[in-house]
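Coordinates as given in work03.cif (mmCIF, C-alpha atoms):
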data_input
loop_
_atom_site.label_atom_id
_atom_site.label_comp_id
_atom_site.auth_asym_id
_atom_site.auth_seq_id
_atom_site.Cartn_x
_atom_site.Cartn_y
_atom_site.Cartn_z
CA MET A 28 21.09 29.14 19.54
CA HIS A 29 24.41 27.45 20.27
CA ARG A 30 24.79 23.95 18.88
CA LEU A 31 25.68 22.41 22.26
CA LEU A 32 22.61 23.91 23.94
CA VAL A 33 20.37 22.59 21.15
CA ALA A 34 21.86 19.11 21.59
CA LEU A 35 21.36 19.20 25.36
CA LEU A 36 17.73 20.30 25.08
CA ALA A 37 16.95 17.64 22.47
CA ALA A 38 18.69 15.00 24.60
CA LEU A 39 16.63 16.12 27.60
CA ASP A 40 13.42 15.74 25.56
CA ALA A 41 14.38 12.20 24.56
CA ALA A 42 15.34 11.25 28.11
CA VAL A 43 12.05 12.59 29.47
CA ALA A 44 10.12 10.61 26.83
CA ALA A 45 11.89 7.38 27.83
CA ILE A 46 11.44 8.00 31.57
CA VAL A 47 7.75 8.85 31.20
CA GLY A 48 7.16 5.72 29.11
CA LEU A 49 8.86 3.48 31.65
CA ALA A 50 7.06 5.20 34.55
CA ALA A 51 3.70 4.68 32.85
CA VAL A 52 4.34 0.93 33.11
CA LEU A 53 6.17 0.82 36.41
CA VAL A 54 3.66 2.77 38.52
CA PRO A 55 0.65 0.46 37.86
CA LEU A 56 2.83 -2.63 38.39
CA LEU A 57 4.17 -1.18 41.64
CA LEU A 58 0.67 -0.38 42.89
CA MET A 59 -0.47 -3.89 42.00
CA TRP A 60 2.44 -5.34 43.97
CA VAL A 61 1.83 -3.15 47.03
CA PHE A 62 -1.91 -3.76 47.22
CA THR A 63 -1.75 -7.44 46.29
CA PHE A 64 1.32 -8.72 48.12
CA GLY A 65 2.19 -5.87 50.49
CA GLY A 66 5.64 -5.25 51.89
CA VAL A 67 8.70 -4.12 49.93
CA ALA A 68 8.50 -4.35 46.15
CA ASP A 69 10.61 -7.00 44.44
CA TRP A 70 12.57 -4.82 42.00
CA GLN A 71 14.29 -7.85 40.52
CA GLY A 72 10.91 -8.84 39.13
CA LEU A 73 9.24 -5.44 38.64
CA TRP A 74 11.98 -3.74 36.65
CA PRO A 75 12.46 -6.51 34.04
CA ALA A 76 8.68 -6.75 33.59
CA THR A 77 8.48 -2.96 33.22
CA VAL A 78 11.19 -2.87 30.57
CA ARG A 79 9.69 -5.75 28.61
CA ILE A 80 6.25 -4.11 28.49
CA TRP A 81 7.84 -0.79 27.49
CA GLN A 82 9.79 -2.56 24.75
CA LEU A 83 6.65 -4.25 23.46
CA GLY A 84 4.96 -0.84 23.35
CA ASN A 85 7.89 0.32 21.21
CA LEU A 86 7.32 -2.51 18.71
CA VAL A 87 9.95 -4.94 20.07
CA PRO A 88 8.72 -8.58 19.81
CA LEU A 89 8.90 -10.67 22.97
CA ALA A 90 9.76 -14.38 22.94
CA LEU A 91 7.81 -15.82 25.88
CA THR A 92 8.70 -19.11 27.56
CA LEU A 93 6.21 -20.21 30.22
CA HIS A 94 7.20 -22.61 33.01
CA ASP A 95 5.77 -26.12 32.90
CA ASP A 96 4.18 -25.70 36.35
CA PHE A 97 2.30 -22.65 35.11
CA LEU A 98 0.99 -24.60 32.13
CA VAL A 99 -0.26 -27.36 34.42
CA GLU A 100 -1.96 -24.92 36.81
CA THR A 101 -3.73 -23.06 34.01
CA GLY A 102 -4.59 -26.16 32.00
CA LEU A 103 -2.73 -24.97 28.90
CA PRO A 104 -1.29 -27.51 26.44
CA GLU A 105 2.44 -28.09 26.28
CA GLY A 106 2.67 -26.41 22.87
CA ALA A 107 1.55 -23.13 24.41
CA GLY A 108 4.67 -22.84 26.52
CA SER A 109 6.73 -20.94 23.94
CA PHE A 110 5.45 -18.28 21.55
CA VAL A 111 6.17 -14.79 20.26
CA LEU A 112 4.16 -11.78 21.43
CA SER A 113 4.49 -8.99 18.85
CA LEU A 114 1.07 -7.30 18.81
CA ALA A 115 2.08 -3.98 20.33
CA PRO A 116 0.08 -1.74 22.68
CA LEU A 117 0.45 1.22 20.35
CA ALA A 118 -0.54 3.86 22.91
CA PHE A 119 3.12 3.92 24.00
CA ALA A 120 4.45 4.39 20.46
CA VAL A 121 1.81 7.03 19.64
CA LEU A 122 2.65 9.12 22.70
CA VAL A 123 6.38 8.82 21.97
CA ALA A 124 5.80 9.85 18.34
CA VAL A 125 3.79 12.93 19.35
CA PHE A 126 6.43 13.94 21.89
CA ALA A 127 9.23 13.38 19.37
CA ALA A 128 7.51 15.40 16.64
CA ARG A 129 7.10 18.34 19.02
CA SER A 130 10.76 18.05 19.97
CA GLY A 131 11.68 18.15 16.29
CA ARG A 132 9.71 21.36 15.80
CA ARG A 133 11.44 22.92 18.81
CA ALA A 134 14.82 21.93 17.40
CA LEU A 135 13.84 23.63 14.14
CA GLY A 136 13.02 26.82 16.02
CA SER A 137 16.54 26.84 17.40
CA GLY A 138 17.98 26.80 13.88
CA ARG A 139 19.93 23.55 14.45
CA TRP A 140 17.38 20.86 13.76
CA LEU A 141 19.88 18.33 12.41
CA THR A 142 21.85 18.61 15.65
CA GLY A 143 18.67 18.23 17.68
CA VAL A 144 17.53 15.14 15.76
CA ALA A 145 20.96 13.54 16.13
CA ALA A 146 21.06 14.25 19.88
CA GLY A 147 17.51 12.97 20.46
CA THR A 148 18.19 9.82 18.45
CA GLY A 149 21.44 9.10 20.28
CA THR A 150 19.86 9.64 23.70
CA THR A 151 16.96 7.33 22.90
CA ALA A 152 19.35 4.62 21.68
CA LEU A 153 21.36 4.96 24.89
CA ALA A 154 18.22 4.76 27.05
CA ALA A 155 17.02 1.67 25.17
CA LEU A 156 20.43 0.03 25.57
CA ILE A 157 20.59 0.72 29.32
CA ALA A 158 17.03 -0.53 29.83
CA ASN A 159 17.71 -3.76 27.96
CA VAL A 160 21.03 -4.47 29.68
CA THR A 161 19.51 -4.03 33.14
CA ALA A 162 16.40 -6.12 32.49
CA GLY A 163 17.33 -9.78 32.34
CA ASN A 164 14.12 -11.79 32.21
CA PRO A 165 13.89 -15.62 32.03
CA VAL A 166 10.28 -15.52 30.86
CA ALA A 167 10.41 -12.86 28.14
CA ALA A 168 13.45 -12.57 25.89
CA VAL A 169 14.19 -10.03 23.15
CA ASP A 170 16.63 -9.67 20.32
CA PRO A 171 19.26 -7.22 21.69
CA TRP A 172 19.58 -5.40 18.36
CA LEU A 173 15.84 -4.94 17.96
CA ALA A 174 15.57 -3.88 21.61
CA VAL A 175 17.76 -0.88 20.80
CA LEU A 176 16.90 -0.23 17.14
CA LEU A 177 13.08 -0.20 17.28
CA PRO A 178 12.60 2.20 20.24
CA THR A 179 15.17 4.46 18.59
CA LEU A 180 13.26 4.47 15.30
CA VAL A 181 9.94 5.07 17.07
CA TYR A 182 11.45 8.30 18.44
CA ALA A 183 13.79 9.33 15.60
CA VAL A 184 11.42 9.05 12.63
CA PRO A 185 8.64 11.27 14.05
CA MET A 186 11.23 13.75 15.30
CA LEU A 187 12.78 13.96 11.85
CA LEU A 188 9.37 14.32 10.19
CA GLY A 189 8.38 17.05 12.63
CA ALA A 190 11.55 18.99 11.88
CA VAL A 191 11.40 18.53 8.09
CA THR A 192 7.71 19.42 7.72
CA GLY A 193 8.26 22.49 9.87
CA ALA A 194 11.31 23.44 7.82
CA TRP A 195 9.30 23.12 4.59
CA SER A 196 6.68 25.59 5.79
CA GLU A 197 8.88 27.91 7.85
CA GLY A 198 12.29 27.55 6.23
CA ASP A 199 15.58 26.36 7.68
CA GLU A 200 18.19 28.22 5.60
CA GLY A 201 19.60 24.86 4.62
CA LEU A 202 18.81 21.67 2.70
CA VAL A 203 15.01 21.91 2.96
CA ASP A 204 15.06 25.52 1.70
CA ARG A 205 17.11 24.43 -1.31
CA LEU A 206 14.55 21.72 -2.09
CA HIS A 207 11.78 24.29 -1.66
CA ASP A 208 13.54 26.60 -4.12
CA LEU A 209 13.70 23.79 -6.68
CA ALA A 210 9.95 23.24 -6.30
CA ASP A 211 9.34 26.97 -6.72
CA ARG A 212 10.97 26.84 -10.15
CA LEU A 213 8.20 24.60 -11.46
CA PRO A 214 5.47 26.21 -13.63
CA SER A 215 2.40 27.72 -11.99
CA GLY A 216 -0.08 25.03 -10.98
CA TRP A 217 2.69 22.47 -10.41
CA ARG A 218 4.90 24.07 -7.78
CA GLU A 219 2.22 23.74 -5.11
CA LEU A 220 1.75 20.01 -5.67
CA PRO A 221 4.20 18.57 -3.08
CA ALA A 222 2.85 20.61 -0.18
CA LEU A 223 -0.79 20.24 -1.23
CA ALA A 224 -0.46 16.48 -1.77
CA ALA A 225 1.09 16.07 1.68
CA ARG A 226 -1.64 18.23 3.22
CA GLY A 227 -4.41 16.38 1.40
CA GLY A 228 -2.97 12.98 2.26
CA GLY A 229 -2.77 14.01 5.91
CA ILE A 230 -6.37 15.23 5.88
CA ALA A 231 -7.59 12.02 4.26
CA LEU A 232 -5.66 9.80 6.64
CA ALA A 233 -6.81 11.80 9.66
CA GLY A 234 -10.39 11.53 8.41
CA VAL A 235 -10.16 7.74 8.01
CA ILE A 236 -8.68 7.36 11.50
CA GLY A 237 -11.35 9.68 12.92
CA PHE A 238 -14.16 7.64 11.35
CA ALA A 239 -12.55 4.45 12.72
CA ALA A 240 -12.43 5.92 16.23
CA LEU A 241 -16.07 6.96 15.84
CA ALA A 242 -16.98 3.40 14.84
CA ILE A 243 -15.44 2.07 18.07
CA ALA A 244 -17.26 4.73 20.09
CA VAL A 245 -20.56 3.64 18.51
CA ALA A 246 -19.77 -0.02 19.23
CA VAL A 247 -19.38 0.66 22.97
CA PRO A 248 -23.11 1.23 23.70
CA LEU A 249 -24.18 -1.33 21.08
CA ARG A 250 -21.89 -4.14 22.23
CA GLY A 251 -21.10 -3.00 25.77
CA GLY A 252 -23.09 -5.86 27.31
CA GLU A 253 -20.74 -8.45 25.83
CA ALA A 254 -17.71 -6.54 27.14
CA ILE A 255 -19.23 -6.34 30.63
CA ALA A 256 -19.97 -10.08 30.54
CA LEU A 257 -16.31 -10.76 29.75
CA TYR A 258 -15.29 -8.53 32.68
CA GLU A 259 -17.53 -10.58 34.96
CA ALA A 260 -16.20 -13.86 33.56
CA SER A 261 -12.63 -12.80 34.32
CA GLN A 262 -13.50 -12.74 38.06
CA VAL A 263 -10.93 -10.06 38.90
CA ASP A 264 -11.13 -7.73 41.90
CA LEU A 265 -11.30 -3.93 41.66
CA LEU A 266 -7.54 -3.52 41.29
CA GLY A 267 -7.44 -6.24 38.65
CA ALA A 268 -10.29 -4.59 36.76
CA ILE A 269 -8.47 -1.25 36.81
CA LEU A 270 -5.23 -2.79 35.54
CA LEU A 271 -7.12 -4.75 32.88
CA THR A 272 -8.79 -1.54 31.72
CA LEU A 273 -5.47 0.31 31.57
CA ALA A 274 -3.97 -2.51 29.51
CA GLN A 275 -6.90 -2.32 27.08
CA LEU A 276 -6.54 1.46 26.79
CA ALA A 277 -2.92 0.87 25.80
CA TYR A 278 -4.27 -1.27 22.95
CA LEU A 279 -6.94 1.26 21.92
CA PRO A 280 -4.85 2.63 19.00
CA THR A 281 -4.41 -0.97 17.86
CA MET A 282 -8.19 -1.42 17.86
CA ILE A 283 -8.57 1.81 15.89
CA GLY A 284 -6.16 0.41 13.31
CA TRP A 285 -8.32 -2.72 13.05
CA ALA A 286 -11.37 -0.48 12.60
CA VAL A 287 -9.59 1.29 9.71
CA ALA A 288 -9.07 -2.07 7.99
CA TRP A 289 -12.67 -3.06 8.71
CA MET A 290 -14.14 0.15 7.28
CA ALA A 291 -11.95 -0.02 4.19
CA GLY A 292 -13.30 -3.50 3.44
CA PRO A 293 -10.44 -6.03 3.78
CA GLY A 294 -11.01 -6.39 7.54
CA PHE A 295 -8.63 -8.18 9.88
CA ALA A 296 -7.92 -11.60 11.34
CA LEU A 297 -7.96 -12.76 14.95
CA GLY A 298 -6.17 -16.01 14.35
CA ALA A 299 -5.49 -18.35 11.49
CA GLY A 300 -8.61 -19.05 9.44
CA THR A 301 -10.61 -16.16 10.91
CA GLY A 302 -11.78 -12.85 9.52
CA VAL A 303 -13.77 -9.79 10.57
CA THR A 304 -15.14 -7.79 7.63
CA PRO A 305 -18.27 -5.68 7.08
CA VAL A 306 -19.82 -8.47 5.01
CA ALA A 307 -19.01 -11.49 7.18
CA THR A 308 -17.45 -12.38 10.53
CA GLN A 309 -15.80 -15.72 11.17
CA LEU A 310 -14.23 -16.15 14.61
CA GLY A 311 -12.96 -19.09 16.54
CA VAL A 312 -12.22 -19.33 20.24
CA LEU A 313 -10.85 -15.98 21.45
CA PRO A 314 -9.10 -14.88 24.64
CA GLY A 315 -11.51 -13.52 27.25
CA VAL A 316 -10.40 -9.91 26.75
CA PRO A 317 -13.36 -7.57 27.36
CA MET A 318 -12.55 -5.20 24.49
CA LEU A 319 -12.90 -8.10 22.03
CA GLY A 320 -16.57 -8.18 23.00
CA LEU A 321 -17.00 -5.02 20.91
CA LEU A 322 -16.38 -6.98 17.70
CA PRO A 323 -19.47 -7.58 15.56
CA GLU A 324 -20.79 -11.13 15.74
CA ASN A 325 -22.13 -11.11 12.19
CA GLY A 326 -21.53 -9.21 9.00
CA SER A 327 -24.19 -7.59 6.86
CA PRO A 328 -24.34 -6.19 3.33
CA LEU A 329 -25.55 -2.92 4.89
CA LEU A 330 -22.31 -2.67 6.86
CA LEU A 331 -20.49 -2.55 3.54
CA LEU A 332 -21.62 1.08 3.42
CA SER A 333 -18.77 1.69 5.86
CA VAL A 334 -16.47 1.90 2.82
CA LEU A 335 -18.06 5.29 2.20
CA ALA A 336 -16.12 6.65 5.19
CA PRO A 337 -12.73 6.63 3.38
CA VAL A 338 -14.47 8.07 0.31
CA VAL A 339 -15.84 10.92 2.42
CA ALA A 340 -12.39 11.45 3.97
CA GLY A 341 -10.93 11.67 0.47
CA ALA A 342 -13.63 14.12 -0.58
CA LEU A 343 -12.84 16.34 2.42
CA ALA A 344 -9.16 16.25 1.48
CA GLY A 345 -9.99 17.07 -2.13
CA TRP A 346 -12.17 19.99 -1.09
CA GLY A 347 -9.50 21.38 1.21
CA VAL A 348 -6.66 21.23 -1.32
CA ARG A 349 -8.90 22.41 -4.19
CA THR A 350 -9.67 25.55 -2.20
CA ALA A 351 -5.96 26.10 -1.52
CA PHE A 352 -5.10 25.33 -5.15
CA ARG A 353 -7.63 27.92 -6.32
CA ALA A 354 -6.30 30.50 -3.87
CA GLU A 355 -2.75 29.98 -5.17
CA ALA A 356 -3.95 30.39 -8.75
CA ARG A 357 -5.78 33.62 -7.94
CA ALA A 358 -2.74 34.98 -6.13
CA GLU A 359 -0.75 34.56 -9.34
CA GLY A 360 -3.48 36.10 -11.50
CA ALA A 361 -4.49 32.86 -13.23
CA ASP A 362 -8.12 32.45 -14.26
CA HIS A 363 -8.06 28.70 -14.88
CA GLU A 364 -7.13 25.57 -12.98
CA PRO A 365 -5.17 23.09 -15.15
CA VAL A 366 -6.63 19.59 -15.10
CA ALA A 367 -3.35 17.66 -15.17
CA PRO A 368 -2.00 19.06 -11.87
CA ARG A 369 -5.33 18.40 -10.18
CA ALA A 370 -5.38 14.81 -11.44
CA LEU A 371 -1.83 14.27 -10.23
CA LEU A 372 -2.78 15.88 -6.91
CA ALA A 373 -5.66 13.41 -6.47
CA ALA A 374 -3.27 10.53 -7.21
CA GLY A 375 -0.73 11.91 -4.73
CA ILE A 376 -3.35 12.18 -1.99
CA ALA A 377 -4.48 8.60 -2.63
CA LEU A 378 -0.89 7.35 -2.65
CA ILE A 379 -0.11 9.00 0.69
CA ALA A 380 -3.35 7.77 2.24
CA GLY A 381 -2.73 4.24 0.96
CA ALA A 382 0.82 4.25 2.32
CA GLY A 383 -0.55 5.45 5.66
CA GLY A 384 -3.11 2.66 5.61
CA ALA A 385 -0.37 0.11 4.96
CA LEU A 386 1.68 1.49 7.85
CA ILE A 387 -1.32 1.35 10.18
CA ALA A 388 -2.02 -2.25 9.16
CA ALA A 389 1.62 -3.26 9.65
CA LEU A 390 1.77 -1.66 13.10
CA THR A 391 -1.50 -3.27 14.23
CA SER A 392 -0.74 -6.82 13.12
CA GLY A 393 1.40 -9.45 14.77
CA SER A 394 1.19 -12.37 17.17
CA MET A 395 -0.76 -12.44 20.43
CA GLY A 396 -0.36 -16.06 21.40
CA PRO A 397 0.64 -19.58 20.32
CA ASP A 398 -0.68 -21.64 17.43
CA ARG A 399 -3.57 -19.95 15.59
CA LEU A 400 -3.18 -16.68 17.53
CA ALA A 401 0.19 -16.16 15.88
CA HIS A 402 -1.62 -14.41 12.99
CA VAL A 403 -3.60 -11.38 14.16
CA GLY A 404 -4.45 -8.11 12.45
CA PRO A 405 -4.99 -6.79 8.92
CA GLU A 406 -2.96 -7.39 5.76
CA PRO A 407 -1.01 -4.22 4.86
CA GLY A 408 -1.22 -4.70 1.10
CA ALA A 409 -4.98 -5.19 1.02
CA VAL A 410 -5.59 -2.23 3.33
CA ALA A 411 -3.27 0.02 1.30
CA LEU A 412 -5.06 -0.83 -1.94
CA ALA A 413 -8.55 -0.39 -0.48
CA VAL A 414 -7.83 2.87 1.34
CA GLY A 415 -5.94 4.28 -1.65
CA LEU A 416 -8.71 3.54 -4.14
CA GLU A 417 -11.50 4.78 -1.88
CA VAL A 418 -9.67 8.00 -1.03
CA LEU A 419 -8.86 8.45 -4.72
CA LEU A 420 -12.55 8.24 -5.58
CA GLY A 421 -13.47 10.93 -3.07
CA ALA A 422 -10.51 13.21 -3.78
CA ALA A 423 -10.85 12.98 -7.57
CA THR A 424 -14.56 13.76 -7.34
CA LEU A 425 -13.89 17.08 -5.62
CA LEU A 426 -10.68 17.94 -7.47
CA LEU A 427 -11.85 17.19 -11.00
CA THR A 428 -15.42 18.49 -10.91
CA PRO A 429 -16.13 21.80 -12.67
CA ARG A 430 -15.31 24.93 -10.70
CA SER A 431 -18.97 25.95 -10.41
CA TYR A 432 -19.82 22.99 -8.14
CA THR A 433 -16.89 23.46 -5.79
CA SER A 434 -17.53 27.19 -5.72
CA ARG A 435 -21.00 26.46 -4.39
CA LEU A 436 -19.48 24.37 -1.62
CA ASP A 437 -17.08 27.20 -0.78
CA ARG A 438 -19.96 29.71 -0.66
CA LEU A 439 -21.96 27.34 1.51
CA ALA A 440 -19.04 26.93 3.91
CA SER A 441 -18.52 30.70 3.95
CA GLY A 442 -22.21 31.18 4.71
CA TRP A 443 -21.98 28.77 7.65
CA ALA A 444 -18.90 30.60 8.92
CA ASP A 445 -20.66 33.98 8.65
CA GLU A 446 -23.69 32.65 10.51
CA ASP A 447 -21.48 31.29 13.28
CA ALA A 448 -19.68 34.63 13.54
CA ASP A 449 -22.99 36.56 13.69
CA HIS A 450 -24.28 34.18 16.34
CA ALA A 451 -21.09 34.63 18.38
CA ARG A 452 -21.41 38.43 18.20
CA THR A 453 -25.02 38.37 19.38
CA ARG A 454 -24.25 36.23 22.44
#
Can you dump the structure from the file as structure tokens?
Amino acid sequence: MHRLLVALLAALDAAVAAIVGLAAVLVPLLLMWVFTFGGVADWQGLWPATVRIWQLGNLVPLALTLHDDFLVETGLPEGAGSFVLSLAPLAFAVLVAVFAARSGRRALGSGRWLTGVAAGTGTTALAALIANVTAGNPVAAVDPWLAVLLPTLVYAVPMLLGAVTGAWSEGDEGLVDRLHDLADRLPSGWRELPALAARGGGIALAGVIGFAALAIAVAVPLRGGEAIALYEASQVDLLGAILLTLAQLAYLPTMIGWAVAWMAGPGFALGAGTGVTPVATQLGVLPGVPMLGLLPENGSPLLLLSVLAPVVAGALAGWGVRTAFRAEARAEGADHEPVAPRALLAAGIALIAGAGGALIAALTSGSMGPDRLAHVGPEPGAVALAVGLEVLLGAATLLLTPRSYTSRLDRLASGWADEDADHARTR
């Protein structure tokens, strides 16, 4: 495909991602204005608010300055008038990342993925610059450089990863193929390590996130009464309840990140001097946000069993890559599986999972208010260490056990697959 056409298509993808993100904020705000105040919308207020929320969703910190009259009406202390809001509603960034990764794979299919990544990155930077320039806001201020840089990185990094991972598996007749050729020159049992470690780390990280999402789903029926009570205490009308729910859904990935830290053991903070861990929960006065009602009131030694979830995720990753490792060895006529590559593979999986845990913790921590609420979320270092060690335990168990045990698991899985196929044929 021609280079110019690839650039135009990638730029269109980036523009659509920015427009959809802004529209996802603007439409609810516009509906709130129409149904609450009626008449013609005040775009001088709606557009700056839209851009600031979109920027926060793309990891840009907001410096809020509340008017003195507002503080008096709400009964807030004078010290609460200025603070930084940096705890991001990650649903925006997650959707952008998924869209960007798909765009990167499409650019790879065109044979000009570097051109596509450059065009998508440039378009996103331009969109972020235009949005920031047109959104003067006396209440919420941003650093102009961060307002352009962070939304650009949120789009560019996943797009680049999507293109590079696709090029590694499918080829690109360029730089990635040359790196792949260098890996292929390694001895048998070692050349598969980079791809298998990346696959295993992805499986482990996906498993940990899946268990965290399951923990939140279980908390809804168990702690739903407290969330409903907070809804009632907010005394909002139907439209307000809908908007409040949408805002909480935007923070759902953030809550999942907190659940990852909680399951791994270190837990997270909801203000200075607080902590939520499986063993103990220490909370102060919290904002009346309904989704915070899902947090456990007390810890328990039994809840410490939640650390088994990352171990199970690591075991699943170890099983998956051990099967692939064995298949590669058989394809080359080898009858044994060297221990050293498998040990290094387990370490690589743990390292990738730990780095992913640190990234999740960093993205889900920040400030959500003045004073003590300036410190919210998990500590990246503690989460990285806990997730890495727990995944290592599970992965090493499956990767380093004798072949006879893992072969039984493979036969058991094959038996389940055969039974499912027979059942499907009889239906």
Nearest candidate to Ser196 (chain A) (options A:Gly294, A:Pro221, A:Pro305, A:Gly311; using all atoms listed in the file): A:Pro221
Using only C-alpha atoms, collect all residues at a distance of at most 10 Å from (-0.6, 20.7, 3.9) as written in the file, then present them as an mmCIF file with C-alpha atoms, keeping the file's coordinate frame.
data_model
loop_
_atom_site.group_PDB
_atom_site.id
_atom_site.type_symbol
_atom_site.label_atom_id
_atom_site.label_comp_id
_atom_site.auth_asym_id
_atom_site.auth_seq_id
_atom_site.Cartn_x
_atom_site.Cartn_y
_atom_site.Cartn_z
ATOM 1 C CA THR A 192 7.710 19.420 7.720
ATOM 2 C CA SER A 196 6.680 25.590 5.790
ATOM 3 C CA GLU A 219 2.220 23.740 -5.110
ATOM 4 C CA LEU A 220 1.750 20.010 -5.670
ATOM 5 C CA PRO A 221 4.200 18.570 -3.080
ATOM 6 C CA ALA A 222 2.850 20.610 -0.180
ATOM 7 C CA LEU A 223 -0.790 20.240 -1.230
ATOM 8 C CA ALA A 224 -0.460 16.480 -1.770
ATOM 9 C CA ALA A 225 1.090 16.070 1.680
ATOM 10 C CA ARG A 226 -1.640 18.230 3.220
ATOM 11 C CA GLY A 227 -4.410 16.380 1.400
ATOM 12 C CA GLY A 228 -2.970 12.980 2.260
ATOM 13 C CA GLY A 229 -2.770 14.010 5.910
ATOM 14 C CA ILE A 230 -6.370 15.230 5.880
ATOM 15 C CA ALA A 344 -9.160 16.250 1.480
ATOM 16 C CA GLY A 347 -9.500 21.380 1.210
ATOM 17 C CA VAL A 348 -6.660 21.230 -1.320
ATOM 18 C CA ALA A 351 -5.960 26.100 -1.520
#
Who sits within 7 Å of Val78 (chain A), all atoms listed in the file, same chain under 2 positions skipped, as number ranges by chain: A: 49, 74-76, 80-82, 158, 162
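Computed from the coordinates, the CA of Arg30 (chain A) to CA of Ile46 (chain A) distance equals 24.4 Å.
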Output of the PyMOL selection byres ((chain A and resi 232) around 8), listed as a list in words: Gly228, Gly229, Ile230, Ala231, Ala233, Gly234, Val235, Ile236, Ala340, Ala380, Gly383 and Gly384 of chain A
From A:Thr428, A:Val166, A:Val410, A:Ala154, residue lying nearest Arg369 (chain A) [only C-alpha atoms]: A:Thr428
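Counting only C-alpha atoms, the residue from A:Ala37, A:Val52, A:Val61, A:Val334 that sits nearest to Leu273 (chain A) is A:Val52.
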The PyMOL selection byres ((chain A and resi 391) around 7) applied to the shown file, residues as a VMD selection string: chain A and resid 114 281 284 to 285 387 to 390 392 to 393 404
Output check: residues returned by the PyMOL selection byres ((chain A and resi 172) around 12), as a PyMOL selection string: chain A and resi 87-88+152+155-156+159-160+169-171+173-179
For the residues selected in the previous step, produce a file with C-alpha atoms as a PDB file, in the coordinates of the input.
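Produced file out38.pdb, reproduced below:
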ATOM      1  CA  VAL A  87       9.950  -4.940  20.070  1.00  0.00           C
ATOM      2  CA  PRO A  88       8.720  -8.580  19.810  1.00  0.00           C
ATOM      3  CA  ALA A 152      19.350   4.620  21.680  1.00  0.00           C
ATOM      4  CA  ALA A 155      17.020   1.670  25.170  1.00  0.00           C
ATOM      5  CA  LEU A 156      20.430   0.030  25.570  1.00  0.00           C
ATOM      6  CA  ASN A 159      17.710  -3.760  27.960  1.00  0.00           C
ATOM      7  CA  VAL A 160      21.030  -4.470  29.680  1.00  0.00           C
ATOM      8  CA  VAL A 169      14.190 -10.030  23.150  1.00  0.00           C
ATOM      9  CA  ASP A 170      16.630  -9.670  20.320  1.00  0.00           C
ATOM     10  CA  PRO A 171      19.260  -7.220  21.690  1.00  0.00           C
ATOM     11  CA  LEU A 173      15.840  -4.940  17.960  1.00  0.00           C
ATOM     12  CA  ALA A 174      15.570  -3.880  21.610  1.00  0.00           C
ATOM     13  CA  VAL A 175      17.760  -0.880  20.800  1.00  0.00           C
ATOM     14  CA  LEU A 176      16.900  -0.230  17.140  1.00  0.00           C
ATOM     15  CA  LEU A 177      13.080  -0.200  17.280  1.00  0.00           C
ATOM     16  CA  PRO A 178      12.600   2.200  20.240  1.00  0.00           C
ATOM     17  CA  THR A 179      15.170   4.460  18.590  1.00  0.00           C
TER      18      THR A 179
END
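Using only C-alpha atoms, the shortest contact distance between Gly341 (chain A) and any of A:Gly421, A:Pro407, A:Pro165, A:Gly298 is found at A:Gly421.
When the distance limit is 9 Å and all atoms listed in the file are what count, the residues near Ser333 (chain A), minus those fewer than 2 positions from it on the same chain, are A:Trp289, A:Met290, A:Ala291, A:Gly292, A:Pro305, A:Leu329, A:Leu330, A:Leu331, A:Leu335, A:Ala336, A:Pro337.
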Given all atoms listed in the file as the counted atoms, nearest of A:Gly84, A:Leu371, A:Tyr182, A:Ala115 to Thr151 (chain A): A:Tyr182
Straight-line distance linking CA of Ala409 (chain A) with CA of Pro293 (chain A), stated in Å to one decimal: 6.2 Å
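For the set A:Phe62, A:Gly149, A:Ala127, A:Leu57, the residue with the smallest atom-to-atom gap to Ala38 (chain A) is A:Gly149, counting all atoms listed in the file.
When CA of Thr150 (chain A) is paired with CA of Gly193 (chain A), their separation reads 22.2 Å.
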Selection: 8 Å around region 136-146 of chain A, only C-alpha atoms, excl. self and same-chain fewer than 2 positions, as a PyMOL selection string: chain A and resi 28+30+33-38+131-134+148-150+183+186-187+190+199
Could you write out that same residue set with C-alpha atoms as a compact mmCIF listing (two decimals), in the coordinates of the input?
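Result file is result.txt:
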# COMPACT_ATOMS: atom_id res chain seq x y z
CA MET A 28 21.09 29.14 19.54
CA ARG A 30 24.79 23.95 18.88
CA VAL A 33 20.37 22.59 21.15
CA ALA A 34 21.86 19.11 21.59
CA LEU A 35 21.36 19.20 25.36
CA LEU A 36 17.73 20.30 25.08
CA ALA A 37 16.95 17.64 22.47
CA ALA A 38 18.69 15.00 24.60
CA GLY A 131 11.68 18.15 16.29
CA ARG A 132 9.71 21.36 15.80
CA ARG A 133 11.44 22.92 18.81
CA ALA A 134 14.82 21.93 17.40
CA THR A 148 18.19 9.82 18.45
CA GLY A 149 21.44 9.10 20.28
CA THR A 150 19.86 9.64 23.70
CA ALA A 183 13.79 9.33 15.60
CA MET A 186 11.23 13.75 15.30
CA LEU A 187 12.78 13.96 11.85
CA ALA A 190 11.55 18.99 11.88
CA ASP A 199 15.58 26.36 7.68
